[in-house]
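Here the structure comes first, spelled out in C-alpha cells, and everything after it is commentary.
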Amino acid sequence: MAAKRYPLARVPQLLFGPRRDPIGWLEALAREGDLVKIQFPSAPVYYAFHPEIIRECLVTQQSSFQKGRGIQRLRLILGESALTVEGEKHVERRRSLQPLFRQERLNDYAHVIIERAYETTSCWRDAETIDIANEMTRLTIAIASQVFLGLRLNADEIASVSIALSQVVDMFGVLMLPWGDNFLRLPLPSVKRFFAARDTLRSLARRAHSHLYTDIGDGNDNGEFAIDELVTLLIAGHETTALMLTWAIYLLAQHPAVLEKARCHIERQQTLEQSPSETLARVPFLRAILAETLRLYPPVWGIGRRANAQVIFDGEIIPEGAFVTLSPWITHRDARFYPAPVSFCPERWENRNPSTYAYIPFGGGARRCIGENFAWMEGELILATLLPRWNFKLVSSPPDVKPGFTLRPRSPILVRVTQRSK
Ligand code: HEM
C-alpha cells in the first residue's frame, strides 16, 4: 500500500485547511487514499486511515513509535504522568495506576456513579431546558473527584473545578499549534489564568485521600508523581466521558425507537442499585448505544505518533522522525467497514465484538486508554439511571462538531427534560 503524495497544486489548502476545518481537511485527505504523505519542510507527516496500518502503528510496530508532538507538549501542563511519559517510565507509571482500575475498585465506583447521577438529576425540574454538555460535565467531574481523589465536592466546588478544568483543557488546543509551547511564556492575562487554573487543580489533587498517594506515588518523590497522575486522571477521566454521554443523549433524543428499546431492557431489571455490575451484564444494549456513539463521535478524534526508528508500512518506508496521524473520526465512518456509516444504529454492535482496528475510540496497544472499562461502566450506569426517569427533547438545532483537543459540540445542545410517570 504505497503512500499517496499530497498534490503540491493544493498548497493553499494545505496552509489553511488543517486549522480552519480539521475534520473537512482529514476527509479530503482520506479521499486521496488509505495512507497519505505530506512532506513538510521539518518532517514528513503520514495520515493513516486503514485498520491494517493502524494496527501496525499502534500494536505490531509500537516500539518504534512514541507519542506525537501534542502529547509531548502536554508535559508542560500535566507533568510526568502515564499519559505523557515514554519507555520504561511509562511501563512503571502505568503499572502503578492499575490498582485504581481493578474489578473490585470498579464495583465500589459503581455505587458512587449511581448516587451522583441521582444527585445531578434531582436538580432538574420537569419541562426544564438544560445544556446537556454542562450537566454531563458537572456529573463526570463529581464522579472523577470522588473515585480518583476521594473528594466529595459540593456544587460550588464542582463549578469552580469545572472552570479550572476548561481553562486548562482550552490551553491544550493552543499547545498543539506550531510554536504553541512558546505561548506559555507570554505575559498575557489568558496565560496567567491558565497557570492559576493549573494550580487550583494541583491543590485539589493535594487534598486527595492519602491512600491514593500510597497506591500511585513512587514512595520517594513527596507525592509529586501522584499529583501529576491525579490531575491527569481528573482531566482525562471527565471530559471524554462527559462528551460520550452528551453525544449519546443527543442521538437518543433523535431516535425514539432506540430510546424505547433501551428503556424496555433496563426496566426489566430491578437490581441496579443493589448489584450494578450484574444488572449491566444483562443489558448489553446500553453498551451497544455507547459503542455506536463513540463510533460516530469519538471524543479523541485524532491520535498522533512520531517514529523513533525507520518502519515499513506494507512496503512504504516511514523514516525516523516522521509523524503519523490516525483518525478515529475517518476510520469509524468508512463505508468499507460500516455499512450506512453515518446512520446511528446501535444494533450493528449486538452481535459484533468491536475489536478490530476499524474501531479505535480508546486507541490501542500499550498506550490504549487505561480508563476504558471505567468509562464503559460509568456511561452505562448513567444511562441506566437517566433513561427510565426522563424524556429528552432536542430544542436546539443539531450542532456542528468543534474538533479541538476533544470533539465537542460547536454550539450548546439544549434538551428539554420531562419526567416520566412510573
Ligand atoms: C469515553 C471515554 C474515553 C475515551 C474516548 C478515551 C480515549 C483515550 C485514547 C484514544 C487514549 C490513547 C491516546 C493515544 O494513544 O495517544 C487514551 C489514553 C488514556 N486515557 Fe482515556 N479515554 C476515555 C476515558 C478515560 C478515563 C475515564 C480515564 C481515567 C480515569 C482515562 C485515562 C487515560 C490515560 C491515563 C491514558 C494514557 C494511557 C497510556 O498512555 O498508557 N481515559 N484515552
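By order in the C-alpha cells, chains are A, B, ...; within a chain, residues start at 1; ligands start at 1, following the order shown.
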Compile a residue-level contact table for chain A against ligand 1 at a cut-off of 7 Å, reporting for every qualifying residue the shortest atom pair and its distance in Å to one decimal, with only C-alpha atoms and all ligand atoms counted, rows ordered by chain and ascending number, as a tab-separated table.
residue	atom	partner	partner_atom_place_in_ligand_line	distance
A:Lys67	CA	ligand 1	16 (O)	6.0
A:Ala82	CA	ligand 1	39 (C)	5.2
A:Leu83	CA	ligand 1	37 (C)	3.8
A:Thr84	CA	ligand 1	40 (O)	6.7
A:His90	CA	ligand 1	41 (O)	6.7
A:Arg94	CA	ligand 1	41 (O)	5.8
A:Ala144	CA	ligand 1	30 (C)	7.0
A:Thr232	CA	ligand 1	35 (C)	6.4
A:Leu233	CA	ligand 1	29 (C)	4.7
A:Leu234	CA	ligand 1	30 (C)	6.6
A:Ala236	CA	ligand 1	31 (C)	4.7
A:Gly237	CA	ligand 1	27 (C)	3.5
A:His238	CA	ligand 1	27 (C)	6.3
A:Thr240	CA	ligand 1	2 (C)	4.4
A:Thr241	CA	ligand 1	2 (C)	4.2
A:Met244	CA	ligand 1	1 (C)	5.4
A:Leu294	CA	ligand 1	5 (C)	7.0
A:Pro298	CA	ligand 1	5 (C)	6.1
A:Pro299	CA	ligand 1	5 (C)	5.2
A:Val300	CA	ligand 1	10 (C)	5.3
A:Ile303	CA	ligand 1	16 (O)	5.1
A:Gly304	CA	ligand 1	16 (O)	6.1
A:Ile360	CA	ligand 1	10 (C)	6.9
A:Pro361	CA	ligand 1	5 (C)	5.0
A:Phe362	CA	ligand 1	10 (C)	3.8
A:Gly363	CA	ligand 1	10 (C)	4.1
A:Gly364	CA	ligand 1	15 (O)	6.5
A:Ala366	CA	ligand 1	41 (O)	6.3
A:Arg367	CA	ligand 1	40 (O)	4.0
A:Arg368	CA	ligand 1	12 (C)	5.0
A:Cys369	CA	ligand 1	18 (C)	3.5
A:Ile370	CA	ligand 1	33 (C)	5.0
A:Gly371	CA	ligand 1	28 (C)	3.7
A:Glu372	CA	ligand 1	24 (C)	5.5
A:Phe374	CA	ligand 1	27 (C)	5.7
A:Ala375	CA	ligand 1	27 (C)	4.6
Running DSSP on the backbone, which parts of segment 34-267 of chain A land in strand (DSSP E), as a ChimeraX atom specification? /A:35-39,44-48,65-67,128-131
May I have all residues of segment 175-327 of chain A that DSSP, computed from the backbone, assigns to helix (DSSP H, G or I), given as a ChimeraX atom specification? /A:175-176,180-183,189-206,210-216,224-254,256-267,276-281,284-296
Leaving out Gly180 of chain A and any residue of its chain fewer than 5 positions from it, which residues lie within 12 Å of it when counting only C-alpha atoms, given as an NGL selection string? :A and (69-70 or 72-74 or 76 or 171-175 or 185-186 or 191)
Can you list, as a compact mmCIF listing (two decimals) with N, CA and C atoms, in the first residue's frame, every protein, DNA or RNA residue that comes within 9 Å of segment 115-119 of chain A when you count only C-alpha atoms, leaving out same-chain residues fewer than 2 positions away?
# COMPACT_ATOMS: atom_id res chain seq x y z
N ALA A 110 -19.08 1.92 41.15
CA ALA A 110 -20.42 1.85 40.55
C ALA A 110 -21.45 2.55 41.45
N HIS A 111 -21.32 2.32 42.77
CA HIS A 111 -22.30 2.93 43.68
C HIS A 111 -22.18 4.45 43.69
N VAL A 112 -20.93 4.93 43.62
CA VAL A 112 -20.72 6.38 43.59
C VAL A 112 -21.36 6.96 42.31
N ILE A 113 -21.17 6.27 41.20
CA ILE A 113 -21.69 6.78 39.92
C ILE A 113 -23.22 6.91 39.98
N THR A 121 -29.52 14.72 38.66
CA THR A 121 -30.85 14.86 38.07
C THR A 121 -31.88 15.36 39.08
N SER A 122 -31.56 15.26 40.38
CA SER A 122 -32.53 15.76 41.36
C SER A 122 -32.64 17.29 41.26
N CYS A 123 -31.65 17.93 40.61
CA CYS A 123 -31.73 19.40 40.43
C CYS A 123 -32.54 19.75 39.18
N LEU A 139 -21.47 16.28 36.20
CA LEU A 139 -21.63 14.94 36.76
C LEU A 139 -20.31 14.15 36.71
N THR A 140 -19.63 14.19 35.58
CA THR A 140 -18.41 13.38 35.49
C THR A 140 -17.28 13.98 36.34
N ALA A 142 -17.88 15.40 39.30
CA ALA A 142 -18.24 14.94 40.65
C ALA A 142 -17.78 13.49 40.84
N ILE A 143 -18.01 12.67 39.82
CA ILE A 143 -17.65 11.25 39.93
C ILE A 143 -16.13 11.08 39.97
N GLU A 273 -29.41 -0.71 41.80
CA GLU A 273 -28.73 -0.16 42.98
C GLU A 273 -28.03 -1.25 43.80
N LEU A 381 -24.00 3.01 33.43
CA LEU A 381 -24.76 3.24 34.67
C LEU A 381 -25.52 4.56 34.61
N ILE A 382 -24.90 5.58 34.02
CA ILE A 382 -25.59 6.87 33.95
C ILE A 382 -26.81 6.74 33.02
N THR A 385 -29.57 4.96 34.78
CA THR A 385 -30.23 5.77 35.82
C THR A 385 -31.16 6.81 35.19
N LEU A 386 -30.69 7.43 34.09
CA LEU A 386 -31.44 8.55 33.50
C LEU A 386 -32.62 8.11 32.62
